[in-house]
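Remarks on the structure that follows.
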Amino acid sequence: MAQSRSDRIARLLGNWQAEAATPAEALRLSLAALIEGARLPAGQKMPGQRELADALGIARGTVSSTYGSLISSGHLTARQGSGTYVRALKTIGQGGDGRLTSFDEHSPRIVADLSSGALPGTAFLSRIMPEMGRQLHEHYLDEAGYYPAGLPALRAEIAALVTEQGLATSSENILITAGSQQAVWLIATALTEPGSLVVVEDPTYRGALEAFAGTGARTRGVPFGPSGIDIGLLASAAKAADLVYLQPALHNPTGIHTSSVRRAQVARIFDDSRALVVDDQSSADLAWTRSQRLHGLERHMDPARLLVVGTFSKLFWGGIRVGWIRGPKAIISRLTDLRRGIDLSNSVLDQMAALLLLPSMEAQRDARREHLSAQFRTMSTTLSALLPNWSWWLPAGGSGLWVDTGEDAISLSQRALARGVRVTPGPSFSPHAGHRRFLRLPVWHHEGQFAEAMAVIAELTEEV
């Protein structure tokens with residue numbers, strides 16, 4: 001466990017040496033920031049000095065000096081015979097792997113950020129703006145603007161879409177959220193607590209891992225491969241689970257689509273289980289080989305045991321913060337009550353945009369498919385030329401590529417960051433810090449950026 005703590009802290013620190021004159025001062029400032037931001041939660045045991053020094057590629061004395069300074073400042077505490085621990089500070093937030101820091105303002109030393117699979121927006125957005133203004137004036141400005149469960153018209157349209165997919169749904173089964181990330185957070189917060197057992201695929205969506213970690217839940221990973229999740233191990237793990245989080249429609253980070261036969265096998269596992277199942281279909285519109293939205297568990301499972309998560313943000317644009325949860329009425333009511341305490345209601349403007357974009361869904365799927373397929377061909381050619389020893393699982397779609405580098409991807413990501421290239425190593429997607437040889441690379445990137453970044457990484461691998 002000590003080594004995995006060192007690896008996690010190394011990932012959280014990022015390019016920690018960039019802003020200070022000495023390594024000790026840079027490390028002190030960076031670790032203090034992690035503690036004050038609660039990314040290293042109170043009570044967490046710090047890795048041994050030698051272990052952290054090895055993970056960061058620095059001298060043990062630098063770590064020793066840093067620990068001493070942080071103990072003096074009250075960030076850490078030393079327990080004789082036990083080790084060094086994070087002290088409680090008056091901070092907010094939960095520890096995570098810094099997933100959303102991909103969207104922060106970047107240091108000028110970062111020349112290529114390949115840490116996120118977020119996609120660019122669509123031209124359909126600009127076309128609907130005049131109609132948004134007209135409808136806002138005619139239908140909404142004379143009301144308070146608060147719709148905790150979502151605009152009634154949008155809930156009805158989402159219900160119709162889910163029904164068309166094969167799961168009979170009414171508006172009462174739908175809660176509109178600020179994107180799929182809020183949907184997963186609401187589910188985690190409402191339905192898990194410290195000690196709850198959540199079963200997930202390994203690897204899985206790192207935003208979900210952060211959400212479950214924030215509630216104190218335990219996460220148990222079940223191996224996920226090119227054909228999907230391991231059915232036998234899932235059946236064993238599900239017996240004790242309180243919640244199961246899966247992505248059979250289109251898996252993040254691998255881009256794998258689970259076949260209908262295998263999805264039916266997964267669903268049968270829960271016939272005798274008490275666990276609720278979350279089917280996250282956030283990427284289901286991003287298939288490269290089909291024109292229609294990919295199916296998940298909606299045609300195979302008892303609706304009383306199933307929560308389906310969806311979003312417009314991946315298909316149209318991340319700036320439209322509209323996602324949804326489809327579930328039993330009682331759970332949707334509970335989640336709505338929780339949501340009231342966060343922001344009262346989703347943005348009416350975002351929801352109006354989603355309503356007006358609905359007729360363009362098929363055309364936008366075609367556009368995404370064509371664009372991502374072309375991007376994938378380009379990146380495959382680049383990887384084969386520059387890094388011929390790397391291999392990857394052939395995805396059915398999605399915005400990321402799961403790549404086996406054949407070496408320690410955490411060390412590689414740290415060396416790349418020092419050269420201005422930010423990538424995300426496999427352990428960020430694992431509840432057990434697994435997949436050390438893997439990187440998740442985005443399929444879309446600005447023209448020329450990917451080839452430039454891979455040329456840097458190719459140089460680093462040759463040096464090793």
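By order in the structure tokens, chains are A, B, ...; within a chain, residues start at 1; ligands start at 1, following the order shown.
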
Original post:
Would you give me, as a ChimeraX atom specification, the residues in segment 167-323 of chain A that DSSP reads as strand (DSSP E)?
Top reply: /A:174-177,197-202,218-225,228-229,243-246,276-280,306-311,323

Subject >> For segment 252-255 of chain A: contacts at 8 Å, only C-alpha atoms, fewer than 6 positions along chain excluded, given as a PyMOL selection string >> reply: chain A and resi 203-205+283+393-402+429+440

Would you put the residues from that selection into a file with C-alpha atoms, as a PDB file, in the first residue's frame?
ATOM      1  CA  PRO A 203     -10.617   0.277 -15.070  1.00  0.00           C
ATOM      2  CA  THR A 204     -13.544   2.689 -14.841  1.00  0.00           C
ATOM      3  CA  TYR A 205     -14.518   6.360 -15.126  1.00  0.00           C
ATOM      4  CA  SER A 283     -20.712   7.964 -23.943  1.00  0.00           C
ATOM      5  CA  TRP A 393      -7.643  -2.189 -27.468  1.00  0.00           C
ATOM      6  CA  LEU A 394      -9.660  -1.402 -30.600  1.00  0.00           C
ATOM      7  CA  PRO A 395     -12.525   0.804 -29.375  1.00  0.00           C
ATOM      8  CA  ALA A 396     -16.100   0.785 -30.636  1.00  0.00           C
ATOM      9  CA  GLY A 397     -16.281   4.514 -30.009  1.00  0.00           C
ATOM     10  CA  GLY A 398     -15.784   7.168 -27.365  1.00  0.00           C
ATOM     11  CA  SER A 399     -13.334   9.998 -26.975  1.00  0.00           C
ATOM     12  CA  GLY A 400     -10.329   8.101 -25.582  1.00  0.00           C
ATOM     13  CA  LEU A 401      -7.833   5.383 -26.476  1.00  0.00           C
ATOM     14  CA  TRP A 402      -6.580   2.925 -23.831  1.00  0.00           C
ATOM     15  CA  PHE A 429      -8.896   4.847 -13.540  1.00  0.00           C
ATOM     16  CA  ARG A 440      -5.621   7.031 -21.607  1.00  0.00           C
TER      17      ARG A 440
END

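Taking atom CA of Ala304 of chain A and atom CA of Pro328 of chain A as the two end points, the separation is 5.6 Å.
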
**OP:** Fewer than 6 positions away in the same chain doesn't count, so skip those; otherwise give me all residues within 9 Å of Ser170 of chain A, counting only C-alpha atoms, as a PyMOL selection string.
**Re:** chain A and resi 155-156+158-160+163

Original post:
Looking at A:Ala208, A:Ile187, A:Ile256, A:Ile229, which one is nearest to Ile331 of chain A, with distances taken over only C-alpha atoms?
Top reply: A:Ile187

**OP:** Find the residues around Ser391 of chain A up to 7 Å (only C-alpha atoms counted), leave out those fewer than 3 positions away in its own chain, and share them as number ranges by chain.
**Re:** A: 403-405

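Considering only segment 244-303 of chain A, backbone DSSP assigns alpha helix (DSSP H) to Ser260, Val261, Arg262, Arg263, Ala264, Gln265, Val266, Ala267, Arg268 and Ile269 of chain A.
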
Please produce a file of the residues just selected, as a PDB file, in the first residue's frame, where the atoms kept are C-alpha atoms.
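Writing done, so here's selection-v4.pdb:
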ATOM      1  CA  SER A 260     -26.088  -7.911 -26.156  1.00  0.00           C
ATOM      2  CA  VAL A 261     -25.421 -11.510 -25.081  1.00  0.00           C
ATOM      3  CA  ARG A 262     -22.937 -10.406 -22.440  1.00  0.00           C
ATOM      4  CA  ARG A 263     -25.215  -7.590 -21.238  1.00  0.00           C
ATOM      5  CA  ALA A 264     -27.975 -10.153 -20.701  1.00  0.00           C
ATOM      6  CA  GLN A 265     -25.550 -12.280 -18.693  1.00  0.00           C
ATOM      7  CA  VAL A 266     -24.648  -9.260 -16.570  1.00  0.00           C
ATOM      8  CA  ALA A 267     -28.320  -8.490 -15.928  1.00  0.00           C
ATOM      9  CA  ARG A 268     -29.076 -12.056 -14.784  1.00  0.00           C
ATOM     10  CA  ILE A 269     -26.467 -11.726 -12.068  1.00  0.00           C
TER      11      ILE A 269
END
